[in-house]
file target.cif (mmCIF, C-alpha atoms and all ligand atoms)
data_run
#
loop_
_atom_site.label_atom_id
_atom_site.label_comp_id
_atom_site.auth_asym_id
_atom_site.auth_seq_id
_atom_site.Cartn_x
_atom_site.Cartn_y
_atom_site.Cartn_z
CA MET I 1 8.03 9.23 0.82
CA GLN I 2 7.96 8.88 -2.97
CA PHE I 3 5.35 6.54 -4.44
CA GLN I 4 6.48 4.43 -7.36
CA THR I 5 3.68 4.13 -9.90
CA ILE I 6 3.28 0.77 -11.63
CA PRO I 7 1.08 1.09 -14.72
CA HIS I 8 -1.98 -1.13 -14.94
CA PRO I 9 -1.71 -3.48 -17.96
CA ALA I 10 -5.47 -3.98 -18.32
CA PRO I 11 -7.84 -1.78 -16.28
CA LEU I 12 -11.51 -2.74 -16.38
CA PRO I 13 -13.09 -1.47 -19.64
CA SER I 14 -15.12 1.65 -18.93
CA ASP I 15 -18.43 0.20 -20.13
CA THR I 16 -18.03 -2.86 -17.86
CA ARG I 17 -17.15 -0.53 -15.00
CA ALA I 18 -20.16 1.71 -15.68
CA GLU I 19 -22.45 -1.33 -15.61
CA ALA I 20 -20.98 -2.57 -12.31
CA LEU I 21 -21.28 0.89 -10.76
CA LYS I 22 -25.05 0.90 -11.24
CA ASN I 23 -25.54 -1.58 -8.43
CA PRO I 24 -22.29 -2.23 -6.54
CA GLY I 25 -23.80 -3.58 -3.29
CA PHE I 26 -21.21 -3.65 -0.52
CA GLY I 27 -17.72 -5.12 -0.48
CA THR I 28 -17.72 -7.23 -3.62
CA LEU I 29 -16.61 -4.82 -6.34
CA PHE I 30 -13.09 -3.38 -6.25
CA THR I 31 -11.27 -0.65 -8.13
CA ASP I 32 -8.30 -1.22 -10.45
CA HIS I 33 -5.47 -0.14 -8.16
CA MET I 34 -4.01 -0.47 -4.69
CA VAL I 35 -1.30 1.10 -2.56
CA VAL I 36 1.34 -1.07 -0.88
CA ILE I 37 3.97 0.13 1.59
CA ASP I 38 6.44 -2.22 3.26
CA TYR I 39 7.85 -2.04 6.75
CA ASP I 40 11.06 -3.68 7.84
CA GLU I 41 12.66 -3.01 11.19
CA ALA I 42 16.08 -3.88 9.70
CA LYS I 43 15.62 -1.35 6.89
CA GLY I 44 14.72 1.54 9.14
CA GLY I 45 10.95 1.19 8.98
CA TRP I 46 8.53 2.14 6.19
CA HIS I 47 9.89 1.93 2.66
CA SER I 48 9.01 1.04 -0.97
CA ALA I 49 5.64 2.73 -1.42
CA THR I 50 3.90 1.69 -4.62
CA LEU I 51 0.69 2.62 -6.40
CA GLY I 52 -0.08 -0.21 -8.79
CA PRO I 53 -2.62 -2.66 -10.16
CA ARG I 54 -4.84 -4.40 -7.59
CA GLN I 55 -3.63 -7.99 -7.59
CA PRO I 56 -2.96 -10.95 -5.26
CA ILE I 57 -0.07 -10.52 -2.85
CA ALA I 58 2.58 -13.16 -2.30
CA LEU I 59 2.99 -14.23 1.31
CA ASP I 60 5.30 -16.74 2.93
CA PRO I 61 3.18 -19.54 4.46
CA ALA I 62 4.85 -18.73 7.79
CA ALA I 63 3.79 -15.05 7.66
CA SER I 64 2.77 -14.38 11.24
CA VAL I 65 -0.57 -12.81 10.32
CA LEU I 66 -1.70 -16.23 9.08
CA HIS I 67 -0.97 -17.81 12.45
CA TYR I 68 -1.40 -15.16 15.12
CA ALA I 69 -3.72 -12.64 13.44
CA GLN I 70 -1.56 -9.58 13.85
CA GLU I 71 -3.72 -7.37 11.65
CA ILE I 72 -5.58 -4.05 11.87
CA PHE I 73 -7.73 -2.07 9.47
CA GLU I 74 -9.72 1.09 8.91
CA GLY I 75 -12.98 1.76 7.12
CA MET I 76 -13.67 5.16 5.58
CA LYS I 77 -15.40 6.66 2.58
CA ALA I 78 -14.69 9.16 -0.18
CA TYR I 79 -17.69 11.21 -1.30
CA LYS I 80 -18.39 12.88 -4.61
CA GLN I 81 -19.01 16.61 -4.10
CA PRO I 82 -21.49 18.83 -5.97
CA ASP I 83 -18.58 20.52 -7.81
CA GLY I 84 -17.41 17.13 -9.11
CA GLY I 85 -14.49 16.95 -6.66
CA ILE I 86 -13.85 14.25 -4.07
CA ALA I 87 -13.78 14.72 -0.30
CA LEU I 88 -13.03 12.52 2.71
CA PHE I 89 -14.88 12.63 6.04
CA ARG I 90 -12.57 13.19 9.04
CA PRO I 91 -9.72 11.10 7.57
CA GLU I 92 -7.25 12.31 10.24
CA ALA I 93 -9.46 10.60 12.82
CA ASN I 94 -9.05 7.33 10.90
CA ALA I 95 -5.28 7.85 10.71
CA GLN I 96 -5.12 8.43 14.47
CA ARG I 97 -7.32 5.47 15.31
CA PHE I 98 -5.23 3.28 13.01
CA ASN I 99 -2.17 4.05 15.11
CA LYS I 100 -4.05 3.38 18.35
CA SER I 101 -5.04 -0.01 16.95
CA ALA I 102 -1.41 -0.54 15.89
CA ASP I 103 -0.25 0.20 19.45
CA ARG I 104 -2.63 -2.39 20.90
CA LEU I 105 -1.55 -5.05 18.40
CA ALA I 106 2.18 -4.32 18.95
CA MET I 107 2.55 -3.01 15.39
CA PRO I 108 4.53 -0.01 14.13
CA ASN I 109 2.79 3.34 13.73
CA LEU I 110 2.28 4.70 10.23
CA PRO I 111 2.86 8.48 10.02
CA GLU I 112 -0.57 10.10 9.71
CA GLU I 113 0.55 12.06 6.65
CA LEU I 114 1.63 8.86 4.92
CA PHE I 115 -1.76 7.27 5.71
CA LEU I 116 -3.52 10.27 4.12
CA GLU I 117 -1.14 10.44 1.16
CA SER I 118 -1.78 6.75 0.41
CA ILE I 119 -5.48 7.48 0.12
CA ARG I 120 -4.88 10.52 -2.08
CA GLN I 121 -2.64 8.42 -4.32
CA LEU I 122 -5.28 5.73 -4.75
CA LEU I 123 -8.02 8.28 -5.44
CA SER I 124 -5.80 10.00 -8.01
CA VAL I 125 -6.06 6.91 -10.26
CA ASP I 126 -9.40 5.40 -9.18
CA GLY I 127 -11.44 8.59 -8.82
CA ASP I 128 -13.85 7.51 -11.57
CA TRP I 129 -15.07 4.52 -9.57
CA PHE I 130 -17.95 6.26 -7.82
CA PRO I 131 -21.25 4.33 -7.92
CA THR I 132 -24.02 5.95 -9.85
CA VAL I 133 -26.68 4.77 -7.35
CA GLU I 134 -28.30 7.14 -4.86
CA GLY I 135 -26.26 7.26 -1.65
CA GLY I 136 -23.24 5.67 -3.30
CA SER I 137 -19.68 6.33 -2.16
CA LEU I 138 -16.21 4.89 -2.52
CA TYR I 139 -15.36 2.78 0.51
CA LEU I 140 -11.66 2.79 1.40
CA ARG I 141 -10.00 -0.02 3.28
CA PRO I 142 -6.52 0.73 4.62
CA PHE I 143 -5.03 -2.23 6.51
CA MET I 144 -1.76 -3.52 7.93
CA PHE I 145 -0.58 -7.02 8.73
CA ALA I 146 2.51 -8.91 9.92
CA SER I 147 4.29 -10.38 6.90
CA GLU I 148 7.43 -11.71 8.57
CA ALA I 149 7.98 -15.46 8.16
CA PHE I 150 8.36 -16.46 11.80
CA LEU I 151 6.44 -18.91 13.98
CA GLY I 152 7.72 -17.75 17.35
CA VAL I 153 5.31 -15.66 19.35
CA ARG I 154 6.49 -12.05 19.46
CA PRO I 155 5.63 -8.90 17.48
CA ALA I 156 6.76 -9.29 13.87
CA LYS I 157 9.57 -7.20 12.39
CA GLN I 158 8.07 -6.93 8.92
CA TYR I 159 4.66 -5.59 7.90
CA LYS I 160 2.70 -4.54 4.87
CA PHE I 161 0.30 -1.61 4.70
CA LEU I 162 -2.22 -1.59 1.86
CA VAL I 163 -5.14 0.49 0.73
CA ILE I 164 -7.83 -0.92 -1.53
CA ALA I 165 -11.11 0.70 -2.56
CA SER I 166 -14.59 -0.65 -3.14
CA PRO I 167 -17.54 1.22 -4.63
CA ALA I 168 -20.35 1.00 -2.09
CA GLY I 169 -24.10 1.17 -2.42
CA ASN I 170 -26.37 0.18 0.43
CA TYR I 171 -24.82 -1.78 3.29
CA PHE I 172 -27.87 -3.78 4.29
CA LYS I 173 -29.11 -6.26 1.71
CA SER I 174 -32.69 -6.09 2.87
CA GLY I 175 -32.94 -2.37 2.10
CA ALA I 176 -35.52 -2.32 4.92
CA PRO I 177 -36.34 1.01 6.58
CA ALA I 178 -35.06 -0.30 9.93
CA VAL I 179 -32.77 -3.15 10.94
CA SER I 180 -33.58 -6.08 13.14
CA ILE I 181 -31.00 -7.18 15.68
CA TRP I 182 -30.24 -10.35 17.56
CA VAL I 183 -28.91 -10.10 21.12
CA SER I 184 -26.10 -12.61 21.35
CA ASP I 185 -25.13 -14.84 24.26
CA TYR I 186 -21.56 -14.64 22.99
CA THR I 187 -19.47 -11.64 23.98
CA ARG I 188 -17.22 -9.60 21.73
CA ALA I 189 -14.64 -8.03 24.01
CA ALA I 190 -13.54 -8.39 27.61
CA PRO I 191 -11.99 -5.67 29.80
CA GLY I 192 -8.30 -5.46 28.98
CA GLY I 193 -8.81 -7.14 25.62
CA THR I 194 -8.76 -5.72 22.10
CA GLY I 195 -12.33 -4.41 21.92
CA ALA I 196 -11.27 -0.81 21.25
CA ALA I 197 -8.88 -1.79 18.45
CA LYS I 198 -10.08 -2.20 14.88
CA CYS I 199 -8.48 -5.59 14.36
CA GLY I 200 -9.49 -8.58 12.28
CA GLY I 201 -9.42 -10.83 15.34
CA ASN I 202 -12.42 -9.08 16.86
CA TYR I 203 -14.36 -9.77 13.69
CA ALA I 204 -13.24 -13.41 13.52
CA ALA I 205 -14.75 -13.93 16.96
CA SER I 206 -17.99 -12.24 15.91
CA LEU I 207 -18.69 -14.50 12.94
CA VAL I 208 -20.49 -17.30 14.78
CA PRO I 209 -22.81 -14.87 16.61
CA THR I 210 -23.34 -12.92 13.38
CA GLY I 211 -24.14 -16.16 11.57
CA GLN I 212 -26.72 -16.97 14.25
CA ALA I 213 -28.31 -13.56 13.82
CA PHE I 214 -28.56 -14.08 10.04
CA ALA I 215 -29.90 -17.62 10.45
CA LYS I 216 -32.67 -16.30 12.67
CA GLY I 217 -33.55 -13.68 10.10
CA HIS I 218 -31.90 -10.63 11.68
CA ASP I 219 -29.59 -8.07 10.07
CA GLN I 220 -27.04 -7.60 12.84
CA VAL I 221 -25.85 -8.95 16.15
CA LEU I 222 -25.74 -7.01 19.42
CA PHE I 223 -23.16 -7.72 22.11
CA LEU I 224 -23.56 -7.24 25.83
CA ASP I 225 -20.64 -6.66 28.20
CA ALA I 226 -18.53 -9.71 29.01
CA VAL I 227 -18.59 -9.34 32.81
CA GLU I 228 -22.23 -8.91 33.81
CA LYS I 229 -23.80 -9.79 30.44
CA LYS I 230 -26.19 -6.97 31.08
CA TRP I 231 -24.86 -3.73 29.63
CA ILE I 232 -25.35 -2.91 25.97
CA GLU I 233 -22.05 -2.49 24.18
CA GLU I 234 -22.43 -2.33 20.40
CA LEU I 235 -23.33 -4.18 17.23
CA GLY I 236 -20.82 -6.27 15.26
CA GLY I 237 -19.56 -3.16 13.50
CA MET I 238 -21.69 -0.25 14.64
CA ASN I 239 -22.23 1.88 17.74
CA LEU I 240 -25.67 2.58 19.24
CA PHE I 241 -27.65 5.61 20.42
CA PHE I 242 -30.91 5.58 22.39
CA VAL I 243 -33.38 8.47 22.12
CA PHE I 244 -35.89 9.09 24.96
CA ASP I 245 -39.14 11.02 25.20
CA ASP I 246 -37.63 13.55 27.65
CA GLY I 247 -34.92 14.81 25.26
CA ARG I 248 -32.23 12.50 26.61
CA VAL I 249 -29.96 10.61 24.26
CA VAL I 250 -27.72 7.86 25.62
CA THR I 251 -24.79 6.02 24.08
CA PRO I 252 -22.56 3.49 25.86
CA PRO I 253 -19.30 5.01 27.16
CA LEU I 254 -15.86 4.19 25.72
CA THR I 255 -14.74 1.79 28.42
CA GLY I 256 -12.18 -0.01 26.26
CA THR I 257 -14.50 -2.80 25.17
CA ILE I 258 -16.26 -0.94 22.38
CA LEU I 259 -14.87 0.58 19.21
CA PRO I 260 -14.60 4.38 19.35
CA GLY I 261 -16.56 5.09 16.18
CA ILE I 262 -15.91 8.28 14.26
CA THR I 263 -19.58 8.33 13.28
CA ARG I 264 -20.39 7.96 17.00
CA ASP I 265 -18.17 10.92 17.85
CA SER I 266 -19.70 13.03 15.05
CA LEU I 267 -23.26 12.19 16.14
CA LEU I 268 -22.41 13.15 19.74
CA GLN I 269 -21.52 16.61 18.44
CA LEU I 270 -24.52 16.93 16.12
CA LEU I 271 -26.98 15.76 18.79
CA ARG I 272 -25.60 18.28 21.30
CA GLU I 273 -26.00 21.02 18.70
CA GLU I 274 -29.65 19.97 18.37
CA GLY I 275 -30.00 20.90 22.03
CA LEU I 276 -30.49 17.34 23.20
CA ASP I 277 -29.25 16.10 26.56
CA VAL I 278 -26.61 13.67 25.33
CA ARG I 279 -24.99 11.28 27.77
CA GLU I 280 -22.32 8.62 27.53
CA GLU I 281 -23.81 6.20 30.03
CA MET I 282 -24.19 2.48 30.57
CA TYR I 283 -27.62 1.22 29.54
CA SER I 284 -28.84 -2.29 30.28
CA ILE I 285 -30.68 -4.70 28.05
CA ASP I 286 -33.50 -5.07 30.61
CA GLN I 287 -33.95 -1.30 30.84
CA TRP I 288 -33.95 -1.03 27.07
CA ARG I 289 -36.75 -3.56 26.81
CA ALA I 290 -38.74 -1.93 29.61
CA ASP I 291 -38.30 1.55 28.10
CA ALA I 292 -39.28 0.34 24.64
CA GLU I 293 -42.38 -1.33 26.06
CA SER I 294 -43.40 1.67 28.20
CA GLY I 295 -42.85 4.06 25.31
CA LYS I 296 -40.16 6.10 27.11
CA LEU I 297 -37.68 5.02 24.49
CA LEU I 298 -38.61 6.56 21.16
CA GLU I 299 -35.75 5.55 18.89
CA THR I 300 -32.59 3.51 18.66
CA MET I 301 -30.01 4.19 15.99
CA ALA I 302 -26.99 2.24 14.88
CA CYS I 303 -24.10 4.15 13.33
CA GLY I 304 -20.89 3.49 11.50
CA THR I 305 -19.12 4.46 8.28
CA ALA I 306 -20.52 1.58 6.24
CA ALA I 307 -24.19 1.93 7.23
CA VAL I 308 -24.08 5.66 8.24
CA VAL I 309 -27.08 6.07 10.59
CA THR I 310 -29.62 3.27 10.56
CA PRO I 311 -32.73 2.88 12.71
CA VAL I 312 -33.08 -0.26 14.80
CA GLY I 313 -36.64 -1.54 14.50
CA LYS I 314 -36.72 -4.89 16.24
CA VAL I 315 -34.68 -6.56 18.98
CA ALA I 316 -34.80 -10.24 19.84
CA ASN I 317 -33.17 -13.22 21.48
CA ASP I 318 -34.42 -16.62 22.64
CA ASP I 319 -36.31 -15.10 25.59
CA PHE I 320 -37.88 -11.96 24.20
CA GLU I 321 -38.67 -9.80 21.23
CA PHE I 322 -39.58 -6.13 21.24
CA THR I 323 -40.14 -3.31 18.79
CA ILE I 324 -38.69 0.19 19.01
CA GLY I 325 -41.26 2.94 18.47
CA SER I 326 -43.25 2.17 15.35
CA GLY I 327 -40.57 -0.24 14.14
CA GLY I 328 -39.47 2.20 11.43
CA PRO I 329 -37.17 5.23 11.33
CA GLY I 330 -37.80 7.81 14.07
CA GLN I 331 -37.59 11.60 13.78
CA ILE I 332 -34.16 12.18 15.35
CA THR I 333 -32.63 9.25 13.48
CA SER I 334 -33.93 10.54 10.15
CA LYS I 335 -32.87 14.12 10.88
CA LEU I 336 -29.37 13.10 11.95
CA ARG I 337 -28.91 10.81 9.02
CA GLU I 338 -29.93 13.54 6.61
CA LYS I 339 -27.62 16.03 8.25
CA LEU I 340 -24.60 13.73 8.30
CA VAL I 341 -25.15 12.49 4.77
CA GLY I 342 -25.63 16.12 3.66
CA ILE I 343 -22.32 17.16 5.22
CA GLN I 344 -20.57 14.20 3.61
CA ASN I 345 -22.07 14.85 0.17
CA GLY I 346 -21.38 18.57 0.37
CA THR I 347 -25.03 19.68 0.36
CA VAL I 348 -25.11 20.76 4.02
CA ALA I 349 -22.58 23.34 5.32
CA ASP I 350 -19.56 21.70 6.94
CA THR I 351 -19.35 23.93 10.01
CA HIS I 352 -17.02 21.54 11.84
CA GLY I 353 -14.25 21.35 9.24
CA TRP I 354 -14.88 17.61 8.91
CA MET I 355 -14.48 17.34 5.15
CA MET I 356 -11.06 17.12 3.49
CA LYS I 357 -10.91 17.74 -0.25
CA VAL I 358 -8.52 15.57 -2.14
C1 LIG I 401 -15.54 0.43 12.61
C2 LIG I 401 -16.41 0.01 13.71
C3 LIG I 401 -17.44 0.83 14.21
C4 LIG I 401 -17.82 2.14 13.58
O1 LIG I 401 -16.78 3.08 13.51
P1 LIG I 401 -16.87 4.29 12.48
O2 LIG I 401 -15.60 5.02 12.69
O3 LIG I 401 -18.05 5.09 12.85
O4 LIG I 401 -17.00 3.70 11.13
C5 LIG I 401 -18.17 0.38 15.29
N1 LIG I 401 -17.92 -0.81 15.86
C6 LIG I 401 -16.95 -1.63 15.40
C7 LIG I 401 -16.74 -2.94 16.08
C8 LIG I 401 -16.17 -1.26 14.32
O5 LIG I 401 -15.23 -2.09 13.86
#

call {"tool": "encode", "arguments": {"input": "target.cif", "output": "structure tokens", "more": "lines below"}}
Ligand SMILES: *Cc1c(COP(=O)(O)O)cnc(C)c1O
result
Amino acid sequence: MQFQTIPHPAPLPSDTRAEALKNPGFGTLFTDHMVVIDYDEAKGGWHSATLGPRQPIALDPAASVLHYAQEIFEGMKAYKQPDGGIALFRPEANAQRFNKSADRLAMPNLPEELFLESIRQLLSVDGDWFPTVEGGSLYLRPFMFASEAFLGVRPAKQYKFLVIASPAGNYFKSGAPAVSIWVSDYTRAAPGGTGAAKCGGNYAASLVPTGQAFAKGHDQVLFLDAVEKKWIEELGGMNLFFVFDDGRVVTPPLTGTILPGITRDSLLQLLREEGLDVREEMYSIDQWRADAESGKLLETMACGTAAVVTPVGKVANDDFEFTIGSGGPGQITSKLREKLVGIQNGTVADTHGWMMKV
């Protein structure tokens, strides 16, 4: 597909941009451009790809996304390499997961090559938007939503796919060495639901519990399974790993109610290469607390594209509060984080073929 390029009338002046890139935070600063591709069943599918200025999009008030939340997204990062080039981390995995999410939300698939080309197009014009802070990267947000004006309940026949980019510094405001999490009484995903899809609806339902976690002074919310309210599933937007004193590492299995994180999958491989006994097993909240208190559990790490690998220091709800290890980053967590960040930034050999130069 050919991309039509629409020139930007007034990109951000470079000195203003340089100032903003010193401390971009997360999710508030955006680059100059965006990619838009339209889908229309009546026109044979995907058409009219454009690379143009980032600007508001016009939507009919009856657009079905506004009523029935037919929307999916991805979250990935571009990293500046030592040679000055730009590379993506496992972008094909994001393209594949995007289509799995599309399947679950009754949306059309986007050819993987078109997904990747959209990102290359955006980086070709916004490649000078990398933050100058330590650990900075360019966060990419591809997403798709139902744009058809129709209030009946059925899958829409028209969609829009967009990619925007946001320079990213540190994800957690606190900048603390370890995060504190609140165990919610709400659940995130039920068996047979949309828990494994990266869709906006899952996040909408997590906002009240996340708000409670913030109000009580925690950084993130943890969800238990919806059936027994006993098994640890994941955080609002991150998967979890538990490290034990006997060399075991446990992460909850992909049962359909948790998001199959690409960071999770990468850590599974890296941990196995470290010679650890890595298991995808159910782990209960009561066992977690008991193991943390007895000292059997050494570390807990949360992982995801936005926050990479982050140690969990404290866990609480209305009935209990416990600390993991010393409450700060543990050995395995720090080692894994360094390794993954090194691979992504091109300072550690990419023996898995995970990085894609653009
Ligand atoms: C995106 C996401 C993750 C992490 O996935 P990565 O591919 O590692 O970024 C974990 N949980 C939820 C709910 C998510 O939306």

call {"tool": "closest_residue", "arguments": {"input": "target.cif", "among": "I:Glu92, I:Glu112, I:Glu41, I:Glu273", "to": "Trp354 (chain I)", "atoms": "only C-alpha atoms"}}
result
I:Glu92

call {"tool": "residues_near_ligand", "arguments": {"input": "target.cif", "ligand": "ligand LIG 401 (chain I)", "cutoff": "9 Å", "atoms": "only C-alpha atoms and all ligand atoms", "output": "ChimeraX atom specification"}}
result
/I:73-76,93-94,97,188,195-200,202-203,234-240,258-266,303-308

call {"tool": "atom_distance", "arguments": {"input": "target.cif", "atom1": "CA of Val249 (chain I)", "atom2": "CA of His352 (chain I)"}}
result
21.0 Å

call {"tool": "closest_residue", "arguments": {"input": "target.cif", "among": "I:Glu113, I:Pro108, I:Ala87, I:Ala62", "to": "Glu148 (chain I)", "atoms": "only C-alpha atoms"}}
result
I:Ala62

call {"tool": "atom_distance", "arguments": {"input": "target.cif", "atom1": "CA of Thr333 (chain I)", "atom2": "CA of Leu270 (chain I)"}}
result
11.5 Å

call {"tool": "closest_residue", "arguments": {"input": "target.cif", "among": "I:Ile57, I:Leu122, I:Leu336, I:Val312", "to": "Ser147 (chain I)", "atoms": "only C-alpha atoms"}}
result
I:Ile57

call {"tool": "residues_around", "arguments": {"input": "target.cif", "residues": "Phe145 (chain I)", "least_positions_apart": "3", "cutoff": "9 Å", "atoms": "all atoms listed in the file", "output": "list in words"}}
result
Ser64, Val65, Ala69, Gln70, Glu71, Ile72, Phe73, Met107, Gln158, Tyr159, Lys160, Phe161 and Leu162 of chain I

call {"tool": "atom_distance", "arguments": {"input": "target.cif", "atom1": "CA of Asp245 (chain I)", "atom2": "CA of Pro177 (chain I)"}}
result
21.3 Å

call {"tool": "residues_near_point", "arguments": {"input": "target.cif", "point": "(-20.9, -9.9, 33.0)", "cutoff": "12 Å", "atoms": "all atoms listed in the file", "output": "number ranges by chain"}}
result
I: 185-191, 223-233, 284

call {"tool": "closest_residue", "arguments": {"input": "target.cif", "among": "I:Ile119, I:Leu254, I:Leu29, I:Leu66", "to": "Val358 (chain I)", "atoms": "all atoms listed in the file"}}
result
I:Ile119

call {"tool": "residues_near_point", "arguments": {"input": "target.cif", "point": "(-25.5, 4.2, 22.6)", "cutoff": "7 Å", "atoms": "all atoms listed in the file", "output": "list of chain:residue names"}}
result
I:Asn239, I:Leu240, I:Phe241, I:Phe242, I:Val250, I:Thr251, I:Pro252

call {"tool": "closest_residue", "arguments": {"input": "target.cif", "among": "I:Val309, I:Val36, I:Leu140, I:Ala42", "to": "Tyr79 (chain I)", "atoms": "only C-alpha atoms"}}
result
I:Leu140

call {"tool": "build_atoms", "arguments": {"input": "target.cif", "residues": "region 147-154 of chain I", "atoms": "all heavy atoms", "output": "PDB file, in the coordinates of the input"}}
result
ATOM      1  N   SER I 147       3.915  -9.546   8.047  1.00  0.00           N
ATOM      2  CA  SER I 147       4.290 -10.380   6.900  1.00  0.00           C
ATOM      3  C   SER I 147       5.554 -11.203   7.159  1.00  0.00           C
ATOM      4  O   SER I 147       5.932 -12.034   6.343  1.00  0.00           O
ATOM      5  CB  SER I 147       4.509  -9.492   5.668  1.00  0.00           C
ATOM      6  OG  SER I 147       5.415  -8.453   5.977  1.00  0.00           O
ATOM      7  N   GLU I 148       6.182 -10.981   8.290  1.00  0.00           N
ATOM      8  CA  GLU I 148       7.430 -11.710   8.570  1.00  0.00           C
ATOM      9  C   GLU I 148       7.170 -13.224   8.670  1.00  0.00           C
ATOM     10  O   GLU I 148       6.181 -13.653   9.270  1.00  0.00           O
ATOM     11  CB  GLU I 148       8.026 -11.217   9.896  1.00  0.00           C
ATOM     12  CG  GLU I 148       9.365 -11.888  10.215  1.00  0.00           C
ATOM     13  CD  GLU I 148       9.883 -11.542  11.604  1.00  0.00           C
ATOM     14  OE1 GLU I 148       9.261 -10.716  12.310  1.00  0.00           O
ATOM     15  OE2 GLU I 148      10.916 -12.119  11.990  1.00  0.00           O
ATOM     16  N   ALA I 149       8.067 -14.000   8.070  1.00  0.00           N
ATOM     17  CA  ALA I 149       7.980 -15.460   8.160  1.00  0.00           C
ATOM     18  C   ALA I 149       8.643 -15.884   9.480  1.00  0.00           C
ATOM     19  O   ALA I 149       9.866 -15.939   9.587  1.00  0.00           O
ATOM     20  CB  ALA I 149       8.684 -16.111   6.983  1.00  0.00           C
ATOM     21  N   PHE I 150       7.821 -16.141  10.472  1.00  0.00           N
ATOM     22  CA  PHE I 150       8.360 -16.460  11.800  1.00  0.00           C
ATOM     23  C   PHE I 150       7.248 -17.071  12.640  1.00  0.00           C
ATOM     24  O   PHE I 150       6.168 -16.491  12.769  1.00  0.00           O
ATOM     25  CB  PHE I 150       8.867 -15.177  12.473  1.00  0.00           C
ATOM     26  CG  PHE I 150       9.428 -15.424  13.851  1.00  0.00           C
ATOM     27  CD1 PHE I 150      10.562 -16.214  14.029  1.00  0.00           C
ATOM     28  CD2 PHE I 150       8.824 -14.856  14.969  1.00  0.00           C
ATOM     29  CE1 PHE I 150      11.079 -16.432  15.302  1.00  0.00           C
ATOM     30  CE2 PHE I 150       9.334 -15.079  16.247  1.00  0.00           C
ATOM     31  CZ  PHE I 150      10.474 -15.856  16.416  1.00  0.00           C
ATOM     32  N   LEU I 151       7.485 -18.238  13.206  1.00  0.00           N
ATOM     33  CA  LEU I 151       6.440 -18.910  13.980  1.00  0.00           C
ATOM     34  C   LEU I 151       6.566 -18.716  15.487  1.00  0.00           C
ATOM     35  O   LEU I 151       5.725 -19.193  16.241  1.00  0.00           O
ATOM     36  CB  LEU I 151       6.386 -20.394  13.639  1.00  0.00           C
ATOM     37  CG  LEU I 151       5.940 -20.740  12.207  1.00  0.00           C
ATOM     38  CD1 LEU I 151       5.872 -22.255  12.021  1.00  0.00           C
ATOM     39  CD2 LEU I 151       4.589 -20.116  11.872  1.00  0.00           C
ATOM     40  N   GLY I 152       7.622 -18.055  15.918  1.00  0.00           N
ATOM     41  CA  GLY I 152       7.720 -17.750  17.350  1.00  0.00           C
ATOM     42  C   GLY I 152       6.675 -16.702  17.696  1.00  0.00           C
ATOM     43  O   GLY I 152       6.178 -16.002  16.823  1.00  0.00           O
ATOM     44  N   VAL I 153       6.325 -16.633  18.971  1.00  0.00           N
ATOM     45  CA  VAL I 153       5.310 -15.660  19.350  1.00  0.00           C
ATOM     46  C   VAL I 153       5.969 -14.407  19.912  1.00  0.00           C
ATOM     47  O   VAL I 153       6.431 -14.384  21.045  1.00  0.00           O
ATOM     48  CB  VAL I 153       4.303 -16.263  20.350  1.00  0.00           C
ATOM     49  CG1 VAL I 153       3.255 -15.215  20.740  1.00  0.00           C
ATOM     50  CG2 VAL I 153       3.608 -17.468  19.734  1.00  0.00           C
ATOM     51  N   ARG I 154       6.033 -13.388  19.082  1.00  0.00           N
ATOM     52  CA  ARG I 154       6.490 -12.050  19.460  1.00  0.00           C
ATOM     53  C   ARG I 154       6.041 -11.121  18.331  1.00  0.00           C
ATOM     54  O   ARG I 154       5.672 -11.587  17.258  1.00  0.00           O
ATOM     55  CB  ARG I 154       8.017 -11.996  19.614  1.00  0.00           C
ATOM     56  CG  ARG I 154       8.795 -12.433  18.376  1.00  0.00           C
ATOM     57  CD  ARG I 154       9.988 -11.535  18.096  1.00  0.00           C
ATOM     58  NE  ARG I 154      10.845 -12.076  17.046  1.00  0.00           N
ATOM     59  CZ  ARG I 154      10.621 -11.921  15.738  1.00  0.00           C
ATOM     60  NH1 ARG I 154       9.533 -11.280  15.295  1.00  0.00           N
ATOM     61  NH2 ARG I 154      11.449 -12.416  14.852  1.00  0.00           N
TER      62      ARG I 154
END
